[in-house]
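I have placed the structure first, in the form of structure tokens, so that the comments after it can refer back to it.
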Amino acid sequence: MTVVTNIEKIKKYIETDATTYALLLDGEWGSGKTYFLRNTLSEELSSSEFSMCYISLNGLSDLDELKKMVLFELMSDREKTVTKYANLTGRMLEVTSSLHVGLRVGSNIAKEFSSMEKAIERKKLENILFCFDDFERISDKLLVDEFLGFINSNFIEFDNIKVIIVANQSKLKKNHKDIFLENKEKIIGRTLKQEFPDLPEILDGFSTSFNQDSLIAKWLKPLEKRQEIASVLEDFKIFNLRQIRIVIGILNEILTELEEDLKEVDEEFISELISVMFNNLLVVYLDTDAGNQENFKDYKFVLDRSYQIAEAFGLMDETNESMKKFFEEYHEKNTYFNENIYYFDFITIYVLDARINSDDATIEIKAYVNKYLKEVDPIVNNYEKIKRFQHLDKEEFHKVIAELLEMLATENALTINQYLYLYYFLITIESKGIQLQDKWEDTVFNNYNRRISSMTIFSDDVPEGAYRKEIGGRFSEMRNLYFNAEKEYRKEELNRKVKEWFENGYSSEKEVEFEISDTLFSRANSLGVIDDYVMKSNKNLASFMFAVKRMYGEPSSNPHFNKQKDEIVKFCENISNSRVIDEDDPIQKYNINELVDFLKANIDNGSSE
């Protein structure tokens, strides 16, 4: 392997007594040069007499600055006690204070080192490997030939001090590159090529930076898992270690946010779930240019692979072409990825906005685990086979169709949209001349009608055009049933949120409060929350007025408040005539009058504007 070869070459270089040259470690950005130096090579040197002095040249603009950086690095010693380190820092400040006068360019820095032996605790320069990283990022203010001359006269030609210059030669600015090539042979004795290292090994190294009891560390621990991840990264041609580290870091942030919620997931599913989340995160991170796109994108639509049907029957349009391109770019490059992918909205939101609603995330995760990780219902297996009918022989195709239609009478696993997709798909292939069994339309419709009242999932694998096209048969009836069921479901959802708002002492997230603000009073009147919550105590009664002010701001000028005028009047009547009024409680009476006067005053003012 390249990493091992480079280690051997560097060891041979530092073990050679007389060297009059530096090594050049060359590699693309993100190929792991810095990681190699500060981890692999540093660990190798720890068992030898050599130590490393690592200096980043990023933004370096003059040689005095470089001298200070070298001195500071040499004089730091992280293994000493705090007291001794403090003393060393004091001496270091004394030494470097003279540098403000200016060190002569070309003066031998090693002589200055020798005059400070006590300050640097007699470090032996011949046992130090100096690594100068980010050579291509040197500032334009510093001439490249000056830097190379400084390295040559102060390190290489003086007592054979060992030096590695680290660079991405392909990114050298033209003026720097020309000068470097002219002087390279005078300084560089050997060029080492840093190619992409062993990914499973690198991933193992990444895992050590996390708490070993964390979900991310446990997930990365098995070699087989790291090999699976590496296969995805390699097939996606992701060779930038910084990018990989960032994605894994984001995944760790998500897992940390959801740690308590994930305890509800069976342990046997955790690793597979995290793998799916990683694949999801990787695609969204790449597709949104590391989260720099502003608009939310629903990736779930790609999971139904409807472009395959459209392509098979000559129905390709712009949407299907886009979906096909997406699949070719991501899903078709790696089998493991394609079999372990699902798109969670909470991951897309986190990449774009760095926030997670744990309740929404938990709902998505539970739905995924129940649908894909737990034992799959046979009818779902058949449904998935039908979606990929191109892979079936004629006899198997008809067998799968017949079995699915027979199972419909007792199934409780398919979603609304799976029924719509099934009908949409079957009527489409029948129109293309593929014969299906008699009365399949009635079978699908009747069981869809049976199930629709108990369904609650309204946004999963919807076929493109299912709600827009008039495809014939009983599809329009199914679509109308869908819209009615969705309307009823949304109504029940809002009722639930309003009731929770009252239950929680008139408190909820801002998004929820905005959602219920249009119909708060009408739902309060119909749900019976006045007696159960508002009138429950004087505290509840008094707090309601302040909750209304918080939700609507200045109620009289808020259209969400004013549009409920009739319902607010009715709400006031219900408060005044509540069955739980205590005639002997003057404080309750005062609170009721104050609340009713407040509400009526605001609707009167609002209606007059």
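Numbering starts fresh at 1 for the residues of each chain in the structure tokens, the chains themselves are lettered A, B, ... in the order given, and ligands are numbered from 1 as they appear.
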
Within 7 Å of segment 147-163 of chain A using only C-alpha atoms, minus same-chain residues under 3 positions, as a ChimeraX atom specification: /A:14,18-23,106,108-110,125-126,128-131,143-144,187

File of the preceding selection, N, CA and C atoms, as a tab-separated table (two decimals), in the first residue's frame:
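Output (selection_21.tsv):
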```tsv
chain	number	residue	atom	x	y	z
A	14	ILE	N	15.29	9.41	7.35
A	14	ILE	CA	15.69	9.96	8.64
A	14	ILE	C	16.80	9.13	9.30
A	18	ALA	N	23.91	11.14	6.51
A	18	ALA	CA	24.25	12.29	5.67
A	18	ALA	C	23.22	12.46	4.56
A	19	THR	N	22.34	13.44	4.73
A	19	THR	CA	21.38	13.78	3.67
A	19	THR	C	21.50	15.27	3.37
A	20	THR	N	21.48	15.59	2.13
A	20	THR	CA	21.59	17.00	1.72
A	20	THR	C	20.38	17.42	0.91
A	21	TYR	N	19.27	16.86	1.27
A	21	TYR	CA	18.04	17.17	0.52
A	21	TYR	C	16.82	17.02	1.43
A	22	ALA	N	15.70	17.55	0.96
A	22	ALA	CA	14.41	17.39	1.64
A	22	ALA	C	13.54	16.44	0.84
A	23	LEU	N	12.54	15.89	1.50
A	23	LEU	CA	11.53	15.10	0.80
A	23	LEU	C	10.34	15.99	0.46
A	106	GLY	N	18.35	35.05	6.04
A	106	GLY	CA	19.63	34.47	5.65
A	106	GLY	C	20.50	34.17	6.84
A	108	ASN	N	21.62	32.29	10.15
A	108	ASN	CA	21.43	30.87	10.40
A	108	ASN	C	20.59	30.65	11.65
A	109	ILE	N	19.38	30.15	11.45
A	109	ILE	CA	18.46	29.99	12.57
A	109	ILE	C	18.97	28.97	13.57
A	110	ALA	N	19.78	28.02	13.09
A	110	ALA	CA	20.30	27.00	13.99
A	110	ALA	C	21.22	27.61	15.04
A	125	LEU	N	18.42	18.97	17.34
A	125	LEU	CA	17.81	19.24	16.04
A	125	LEU	C	17.97	18.07	15.09
A	126	GLU	N	19.06	17.29	15.28
A	126	GLU	CA	19.27	16.17	14.36
A	126	GLU	C	18.26	15.05	14.60
A	128	ILE	N	14.99	15.72	15.02
A	128	ILE	CA	13.68	16.32	14.73
A	128	ILE	C	13.42	16.27	13.24
A	129	LEU	N	12.24	15.81	12.87
A	129	LEU	CA	11.79	15.84	11.48
A	129	LEU	C	10.88	17.05	11.32
A	130	PHE	N	11.34	18.03	10.54
A	130	PHE	CA	10.56	19.24	10.30
A	130	PHE	C	9.62	19.01	9.11
A	131	CYS	N	8.31	19.18	9.35
A	131	CYS	CA	7.31	18.99	8.30
A	131	CYS	C	6.65	20.33	8.01
A	143	LEU	N	8.21	35.48	-1.39
A	143	LEU	CA	8.76	34.89	-2.61
A	143	LEU	C	9.12	33.43	-2.35
A	144	VAL	N	8.72	32.56	-3.25
A	144	VAL	CA	8.96	31.13	-3.09
A	144	VAL	C	10.44	30.83	-3.01
A	187	ILE	N	16.81	21.29	-3.92
A	187	ILE	CA	16.37	21.06	-2.54
A	187	ILE	C	15.71	19.69	-2.37
```

Residue set, segment 296-389 of chain A restricted to alpha helix (DSSP H), as a PyMOL selection string: chain A and resi 306-312+318-329+335-339+345-353+358-368+378-387

Near Glu73 of chain A, within 8 Å and counting only C-alpha atoms, which residues show up once chain neighbours fewer than 5 positions away are dropped, as a PyMOL selection string? chain A and resi 53-55

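If only C-alpha atoms are the atoms counted, then among A:Thr415, A:Ser31, A:Asn447, A:Gln212 the closest residue to Ile238 of chain A is A:Ser31.
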
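In terms of minimum interatomic distance to Glu257 of chain A, A:Ala361 ranks closest within A:Leu315, A:Ala217, A:Ala361, A:Ile165, counting only C-alpha atoms.
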
Polymer residues at most 12 Å from Glu554 of chain A, only C-alpha atoms, same-chain spacing of 2 or more positions, as a ChimeraX atom specification: /A:545-552,556-562,598-599,601-603,605-606

Would you compute the distance between atom CA of Thr34 of chain A and atom CA of Gln194 of chain A? Give it in Å to one decimal. 10.1 Å

Mind checking which residues fall within 8 Å of Lys193 of chain A, counting only C-alpha atoms, ignoring those fewer than 4 positions away in the same chain, and posting them as a compact mmCIF listing (two decimals) with N, CA and C atoms, in the first residue's frame?
```txt
# COMPACT_ATOMS: atom_id res chain seq x y z
N THR A 2 0.33 2.37 -0.53
CA THR A 2 1.10 3.61 -0.65
C THR A 2 1.52 4.14 0.71
N ASN A 6 5.42 4.84 1.76
CA ASN A 6 5.91 6.16 2.14
C ASN A 6 6.53 6.14 3.53
N LEU A 25 6.31 15.59 -0.13
CA LEU A 25 5.10 14.75 -0.09
C LEU A 25 4.03 15.46 -0.89
N ASP A 26 3.68 14.90 -2.01
CA ASP A 26 2.76 15.55 -2.96
C ASP A 26 1.45 14.78 -3.02
N GLY A 27 0.33 15.50 -3.03
CA GLY A 27 -0.97 14.84 -3.14
C GLY A 27 -2.09 15.85 -3.27
```

Of A:Asp235, A:Glu318, A:Asp289, A:Glu395, the one nearest to His331 of chain A when counting only C-alpha atoms is A:Asp235

Please provide the set of residues having any atom within 12 Å of Lys589 of chain A, restricted to only C-alpha atoms, with same-chain residues fewer than 3 positions apart removed, written as a ChimeraX atom specification. /A:535,537-538,541-542,575-578,580-586,592-596

Gap from atom CA of Tyr506 of chain A to atom CA of Leu262 of chain A - Å, one decimal: 28.9 Å

For segment 484-494 of chain A, find every residue with an atom within 12 Å (counting only C-alpha atoms), except residues of its own chain fewer than 6 positions away, and show them as a ChimeraX atom specification. /A:416-417,448-459,477-478,500-501,512-520,522-524,527

Could you turn the residues from that selection into a file that holds C-alpha atoms, as a JSON list (two decimals), in the first residue's frame?
```
[["chain", "number", "residue", "atom", "x", "y", "z"],
["A", 416, "ILE", "CA", -52.98, 5.11, 0.69],
["A", 417, "ASN", "CA", -50.35, 6.03, -1.83],
["A", 448, "TYR", "CA", -58.86, 0.70, -0.85],
["A", 449, "ASN", "CA", -62.28, 1.98, 0.27],
["A", 450, "ARG", "CA", -62.21, -0.47, 3.19],
["A", 451, "ARG", "CA", -58.79, 0.70, 4.35],
["A", 452, "ILE", "CA", -58.84, 4.43, 3.74],
["A", 453, "SER", "CA", -60.60, 5.45, 6.94],
["A", 454, "SER", "CA", -57.81, 3.89, 9.04],
["A", 455, "MET", "CA", -54.86, 5.23, 7.05],
["A", 456, "THR", "CA", -52.78, 8.18, 8.22],
["A", 457, "ILE", "CA", -49.78, 8.31, 5.83],
["A", 458, "PHE", "CA", -50.39, 10.81, 3.04],
["A", 459, "SER", "CA", -46.93, 11.56, 1.63],
["A", 477, "GLU", "CA", -63.16, 7.87, -7.39],
["A", 478, "MET", "CA", -60.07, 6.70, -5.49],
["A", 500, "GLU", "CA", -52.56, 19.55, 23.30],
["A", 501, "TRP", "CA", -52.09, 23.33, 23.33],
["A", 512, "VAL", "CA", -47.79, 24.75, 15.75],
["A", 513, "GLU", "CA", -49.24, 27.95, 17.22],
["A", 514, "PHE", "CA", -49.21, 29.55, 13.78],
["A", 515, "GLU", "CA", -50.91, 26.47, 12.34],
["A", 516, "ILE", "CA", -53.77, 26.50, 14.87],
["A", 517, "SER", "CA", -54.19, 30.28, 15.07],
["A", 518, "ASP", "CA", -56.77, 30.40, 12.23],
["A", 519, "THR", "CA", -59.24, 28.07, 13.95],
["A", 520, "LEU", "CA", -58.31, 28.14, 17.63],
["A", 522, "SER", "CA", -63.90, 27.30, 16.67],
["A", 523, "ARG", "CA", -62.03, 24.14, 17.68],
["A", 524, "ALA", "CA", -62.03, 25.16, 21.34],
["A", 527, "LEU", "CA", -63.74, 20.15, 21.60]]
```

Do you have the atom CA of Glu260 of chain A-atom CA of Ser358 of chain A distance handy?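 Separating atom CA of Glu260 of chain A from atom CA of Ser358 of chain A is a distance of 9.5 Å.
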
Of the candidates A:Thr5, A:Met52, A:Gly505, A:Pro378, which one gets nearest to Leu74 of chain A if we count only C-alpha atoms?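 Checking each of A:Thr5, A:Met52, A:Gly505, A:Pro378 against Leu74 of chain A, counting only C-alpha atoms, the winner is A:Met52.
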